[in-house]
Amino acid sequence: MVRRVLAVLTAVIAALGVLPGVAHAQQDVVGGTRAAQGEFPFMVRLSMGCGGALYSPRLVLTAAHCVGGTGTNTGITATLGVVDLQSTTGRIQVKSNYVYRAPGYNGNGKDWALIRLASPVSGIATLPIATNTTYDTGTFTIAGWGAAREGGAQQRYLLKATVPFVPDSTCDNSYPDLIPGDEICAGYAAGGTDTCQGDSGGPMFRRNASNAWIQVGIVSWGNGCARPNYPGVYSQVSTFASAIASAAASLGG
């Protein structure tokens, strides 16, 4: 569970004021290419060194291991609207005011959380979540600002890649502690393409029947980055869709 540990360290380091771009421990996209401006408008960069997706104008869906417990939290800054984190053109930055972490989260499964923004953002598309397993197979898109190689520095530009679904029966051979139903795996047997340090909490998504993006996973953990026979492990969004929607409603939608 290397990435979970790294993300916790990242949150601590970020709280101490480490600047983006420094090679500290988190989870980006290995084997990726640059995303175009506006290609994935729902992507969010979080100041503790994680990613997220805009669930609603006031809520960001991310990983539980990226945040502390449920409660008031004004210390997170969400950056949206840009692929270049150093660009000020179109960049939106909003502080958090509350965090809701999945009830019962203890480092194993249930790796999701919602961050409520102090004010809603406008003009940016949200990313709907899968409410059943219909889209939990096939080829997925991953994106993030994390490291482009294991142990590498965080990226200035948003990177993207595609990875194939890996059945639980295959993924379990690499990860005996996999939690089927809570977690979904994706990656190539040969390795080479994966999420990495700094991508934690970001979305894994694909097109639905209407050709619209839909989120099926949340970057959670894995053994290193893009290693052969070690796919990325993602929180399976469809499993938690009802709980996420209920939490979102309690936070104001």
# chains A, B, ... in the order shown; residues from 1 in each chain; ligands from 1
>>> select_by_dssp(residues="stretch 3-143 of chain A", states="alpha helix (DSSP H)", output="list in words")
Arg3, Arg4, Val5, Leu6, Ala7, Val8, Leu9, Thr10, Ala11, Val12, Ile13, Ala14 and Ala15 of chain A
>>> residues_around(residues="A:Tyr55", least_positions_apart="6", cutoff="7 Å", atoms="only C-alpha atoms", output="PyMOL selection string")
chain A and resi 61+126-128
>>> residues_around(residues="A:Arg206", least_positions_apart="6", cutoff="12 Å", atoms="only C-alpha atoms", output="PyMOL selection string")
chain A and resi 40+127-130+134-143+161-165+212-217
>>> write_last_selection(atoms="N, CA and C atoms", output="mmCIF file, in the first residue's frame")
data_model
loop_
_atom_site.group_PDB
_atom_site.id
_atom_site.type_symbol
_atom_site.label_atom_id
_atom_site.label_comp_id
_atom_site.auth_asym_id
_atom_site.auth_seq_id
_atom_site.Cartn_x
_atom_site.Cartn_y
_atom_site.Cartn_z
ATOM 1 N N PHE A 40 -10.289 18.466 -19.888
ATOM 2 C CA PHE A 40 -10.894 17.850 -18.712
ATOM 3 C C PHE A 40 -11.170 18.950 -17.681
ATOM 4 N N LEU A 127 -18.064 16.494 -13.015
ATOM 5 C CA LEU A 127 -17.880 15.126 -13.498
ATOM 6 C C LEU A 127 -18.867 14.212 -12.787
ATOM 7 N N PRO A 128 -19.908 13.718 -13.485
ATOM 8 C CA PRO A 128 -20.854 12.796 -12.862
ATOM 9 C C PRO A 128 -20.162 11.495 -12.461
ATOM 10 N N ILE A 129 -20.682 10.843 -11.437
ATOM 11 C CA ILE A 129 -20.106 9.574 -10.995
ATOM 12 C C ILE A 129 -20.975 8.405 -11.448
ATOM 13 N N ALA A 130 -20.329 7.252 -11.619
ATOM 14 C CA ALA A 130 -21.055 6.037 -11.986
ATOM 15 C C ALA A 130 -21.906 5.586 -10.805
ATOM 16 N N THR A 134 -22.034 -0.609 -14.749
ATOM 17 C CA THR A 134 -22.099 -0.672 -16.219
ATOM 18 C C THR A 134 -20.792 -0.239 -16.875
ATOM 19 N N TYR A 135 -20.170 0.802 -16.325
ATOM 20 C CA TYR A 135 -18.980 1.369 -16.967
ATOM 21 C C TYR A 135 -17.685 1.013 -16.237
ATOM 22 N N ASP A 136 -17.741 -0.014 -15.396
ATOM 23 C CA ASP A 136 -16.562 -0.400 -14.614
ATOM 24 C C ASP A 136 -15.650 -1.378 -15.352
ATOM 25 N N THR A 137 -15.735 -1.405 -16.664
ATOM 26 C CA THR A 137 -14.837 -2.208 -17.494
ATOM 27 C C THR A 137 -14.445 -1.372 -18.708
ATOM 28 N N GLY A 138 -13.565 -1.927 -19.531
ATOM 29 C CA GLY A 138 -13.161 -1.225 -20.747
ATOM 30 C C GLY A 138 -11.862 -0.480 -20.563
ATOM 31 N N THR A 139 -11.742 0.629 -21.264
ATOM 32 C CA THR A 139 -10.539 1.459 -21.204
ATOM 33 C C THR A 139 -10.871 2.764 -20.500
ATOM 34 N N PHE A 140 -10.016 3.141 -19.571
ATOM 35 C CA PHE A 140 -10.246 4.316 -18.746
ATOM 36 C C PHE A 140 -9.213 5.400 -19.035
ATOM 37 N N THR A 141 -9.589 6.631 -18.741
ATOM 38 C CA THR A 141 -8.665 7.758 -18.824
ATOM 39 C C THR A 141 -8.244 8.148 -17.410
ATOM 40 N N ILE A 142 -6.959 8.441 -17.251
ATOM 41 C CA ILE A 142 -6.429 8.946 -15.993
ATOM 42 C C ILE A 142 -5.738 10.276 -16.287
ATOM 43 N N ALA A 143 -5.698 11.165 -15.309
ATOM 44 C CA ALA A 143 -5.073 12.468 -15.507
ATOM 45 C C ALA A 143 -4.625 13.018 -14.158
ATOM 46 N N ALA A 161 -3.491 9.863 -19.735
ATOM 47 C CA ALA A 161 -3.147 8.572 -20.339
ATOM 48 C C ALA A 161 -4.389 7.688 -20.291
ATOM 49 N N THR A 162 -4.326 6.564 -20.970
ATOM 50 C CA THR A 162 -5.409 5.580 -20.896
ATOM 51 C C THR A 162 -4.848 4.266 -20.358
ATOM 52 N N VAL A 163 -5.687 3.571 -19.599
ATOM 53 C CA VAL A 163 -5.311 2.284 -19.023
ATOM 54 C C VAL A 163 -6.497 1.330 -19.111
ATOM 55 N N PRO A 164 -6.230 0.033 -19.307
ATOM 56 C CA PRO A 164 -7.329 -0.931 -19.402
ATOM 57 C C PRO A 164 -7.742 -1.479 -18.041
ATOM 58 N N PHE A 165 -8.981 -1.878 -17.948
ATOM 59 C CA PHE A 165 -9.515 -2.539 -16.763
ATOM 60 C C PHE A 165 -8.768 -3.845 -16.505
ATOM 61 N N ALA A 212 -20.506 11.036 -22.844
ATOM 62 C CA ALA A 212 -20.114 12.015 -21.831
ATOM 63 C C ALA A 212 -19.174 11.342 -20.830
ATOM 64 N N TRP A 213 -18.295 12.126 -20.233
ATOM 65 C CA TRP A 213 -17.381 11.581 -19.234
ATOM 66 C C TRP A 213 -18.137 11.164 -17.980
ATOM 67 N N ILE A 214 -17.729 10.039 -17.393
ATOM 68 C CA ILE A 214 -18.301 9.572 -16.136
ATOM 69 C C ILE A 214 -17.180 8.992 -15.285
ATOM 70 N N GLN A 215 -17.187 9.304 -14.007
ATOM 71 C CA GLN A 215 -16.107 8.855 -13.127
ATOM 72 C C GLN A 215 -16.396 7.464 -12.585
ATOM 73 N N VAL A 216 -15.402 6.582 -12.732
ATOM 74 C CA VAL A 216 -15.552 5.205 -12.241
ATOM 75 C C VAL A 216 -14.590 4.892 -11.099
ATOM 76 N N GLY A 217 -13.556 5.698 -10.931
ATOM 77 C CA GLY A 217 -12.578 5.399 -9.889
ATOM 78 C C GLY A 217 -11.945 6.640 -9.295
#
>>> residues_around(residues="stretch 170-180 of chain A", least_positions_apart="2", cutoff="10 Å", atoms="only C-alpha atoms", output="PDB file with C-alpha atoms, in the first residue's frame")
ATOM      1  CA  MET A   1       0.000   0.000   0.000  1.00  0.00           C
ATOM      2  CA  ASN A 108      -8.300  -0.097   3.863  1.00  0.00           C
ATOM      3  CA  GLY A 109     -11.082   0.536   1.360  1.00  0.00           C
ATOM      4  CA  LYS A 110     -13.713   3.284   1.613  1.00  0.00           C
ATOM      5  CA  PHE A 165      -9.515  -2.539 -16.763  1.00  0.00           C
ATOM      6  CA  VAL A 166      -7.915  -5.397 -14.820  1.00  0.00           C
ATOM      7  CA  PRO A 167     -10.325  -8.005 -13.395  1.00  0.00           C
ATOM      8  CA  ASP A 168     -10.283  -8.549  -9.634  1.00  0.00           C
ATOM      9  CA  ASP A 182     -14.407  -1.443  -2.775  1.00  0.00           C
ATOM     10  CA  GLU A 183     -11.551  -1.271  -5.270  1.00  0.00           C
ATOM     11  CA  ILE A 184     -11.062  -1.511  -9.026  1.00  0.00           C
ATOM     12  CA  CYS A 185      -7.760  -2.063 -10.841  1.00  0.00           C
ATOM     13  CA  ALA A 186      -6.460  -0.714 -14.139  1.00  0.00           C
ATOM     14  CA  GLY A 187      -3.151  -0.912 -15.970  1.00  0.00           C
ATOM     15  CA  ALA A 189       0.644  -6.150 -17.500  1.00  0.00           C
ATOM     16  CA  GLY A 222      -0.459   0.668  -5.725  1.00  0.00           C
ATOM     17  CA  ASN A 223       3.021  -0.820  -5.578  1.00  0.00           C
ATOM     18  CA  PRO A 228       5.002  -4.616 -14.580  1.00  0.00           C
ATOM     19  CA  ASN A 229       2.201  -6.736 -13.097  1.00  0.00           C
ATOM     20  CA  TYR A 230       1.316  -4.060 -10.543  1.00  0.00           C
ATOM     21  CA  PRO A 231      -1.714  -2.136 -11.841  1.00  0.00           C
ATOM     22  CA  GLY A 232      -3.056   0.972 -10.164  1.00  0.00           C
ATOM     23  CA  VAL A 233      -5.748   0.463  -7.540  1.00  0.00           C
ATOM     24  CA  SER A 235     -11.647   3.306  -5.159  1.00  0.00           C
ATOM     25  CA  GLN A 236     -14.651   1.871  -7.027  1.00  0.00           C
TER      26      GLN A 236
END
>>> select_by_dssp(residues="stretch 32-231 of chain A", states="strand (DSSP E or B)", output="PyMOL selection string")
chain A and resi 33-34+43-46+50-56+59-62+71-72+77-80+84+92-101+113-117+129+139-144+157+159-166+180+183-186+194+203-207+213-221
>>> closest_residue(among="A:Ala247, A:Ile92, A:Val83, A:Leu117", to="A:Gly38", atoms="only C-alpha atoms")
A:Val83
>>> closest_residue(among="A:Gly253, A:Tyr157, A:Val60, A:Tyr188", to="A:Phe42", atoms="only C-alpha atoms")
A:Val60
>>> atom_distance(atom1="atom CA of A:Gly71", atom2="atom CA of A:Ile124")
26.0 Å
>>> closest_atom_pairs(of="stretch 174-237 of chain A", to="stretch 45-54 of chain A", cutoff="10 Å", atoms="only C-alpha atoms", output="CSV")
residue,atom,partner,partner_atom,distance
A:Gln197,CA,A:Cys50,CA,8.6
A:Gly198,CA,A:Cys50,CA,5.3
A:Asp199,CA,A:Gly51,CA,5.5
A:Ser200,CA,A:Cys50,CA,5.1
A:Gly201,CA,A:Gly51,CA,4.9
A:Gly202,CA,A:Gly52,CA,4.2
A:Pro203,CA,A:Ala53,CA,6.1
A:Met204,CA,A:Ala53,CA,9.6
A:Gln215,CA,A:Ala53,CA,8.7
A:Ile218,CA,A:Gly52,CA,8.1
A:Val219,CA,A:Gly51,CA,8.5
>>> atom_distance(atom1="atom CA of A:Ser122", atom2="atom CA of A:Gly69")
27.6 Å
>>> closest_residue(among="A:Gly107, A:Phe205, A:Glu150, A:Asn211", to="A:Gly191", atoms="only C-alpha atoms")
A:Glu150
>>> closest_residue(among="A:Ile244, A:Ala209, A:Val44, A:Ala64", to="A:Asn106", atoms="only C-alpha atoms")
A:Ala64
>>> residues_around(residues="A:Thr33", least_positions_apart="4", cutoff="9 Å", atoms="only C-alpha atoms", output="MDAnalysis selection string")
chainID A and resid 29 158:161
>>> write_last_selection(atoms="N, CA and C atoms", output="PDB file, in the first residue's frame")
ATOM      1  N   VAL A  29       0.923  11.102 -13.716  1.00  0.00           N
ATOM      2  CA  VAL A  29       0.653  10.081 -14.709  1.00  0.00           C
ATOM      3  C   VAL A  29       1.940   9.685 -15.404  1.00  0.00           C
ATOM      4  N   LEU A 158      -0.888  19.404 -16.656  1.00  0.00           N
ATOM      5  CA  LEU A 158      -1.741  18.236 -16.504  1.00  0.00           C
ATOM      6  C   LEU A 158      -1.387  17.192 -17.554  1.00  0.00           C
ATOM      7  N   LEU A 159      -1.147  15.962 -17.101  1.00  0.00           N
ATOM      8  CA  LEU A 159      -0.863  14.857 -18.008  1.00  0.00           C
ATOM      9  C   LEU A 159      -2.043  13.895 -18.035  1.00  0.00           C
ATOM     10  N   LYS A 160      -2.172  13.183 -19.158  1.00  0.00           N
ATOM     11  CA  LYS A 160      -3.273  12.236 -19.329  1.00  0.00           C
ATOM     12  C   LYS A 160      -2.748  10.944 -19.935  1.00  0.00           C
ATOM     13  N   ALA A 161      -3.491   9.863 -19.735  1.00  0.00           N
ATOM     14  CA  ALA A 161      -3.147   8.572 -20.339  1.00  0.00           C
ATOM     15  C   ALA A 161      -4.389   7.688 -20.291  1.00  0.00           C
TER      16      ALA A 161
END
>>> atom_distance(atom1="atom CA of A:Gly224", atom2="atom CA of A:Gly152")
11.5 Å
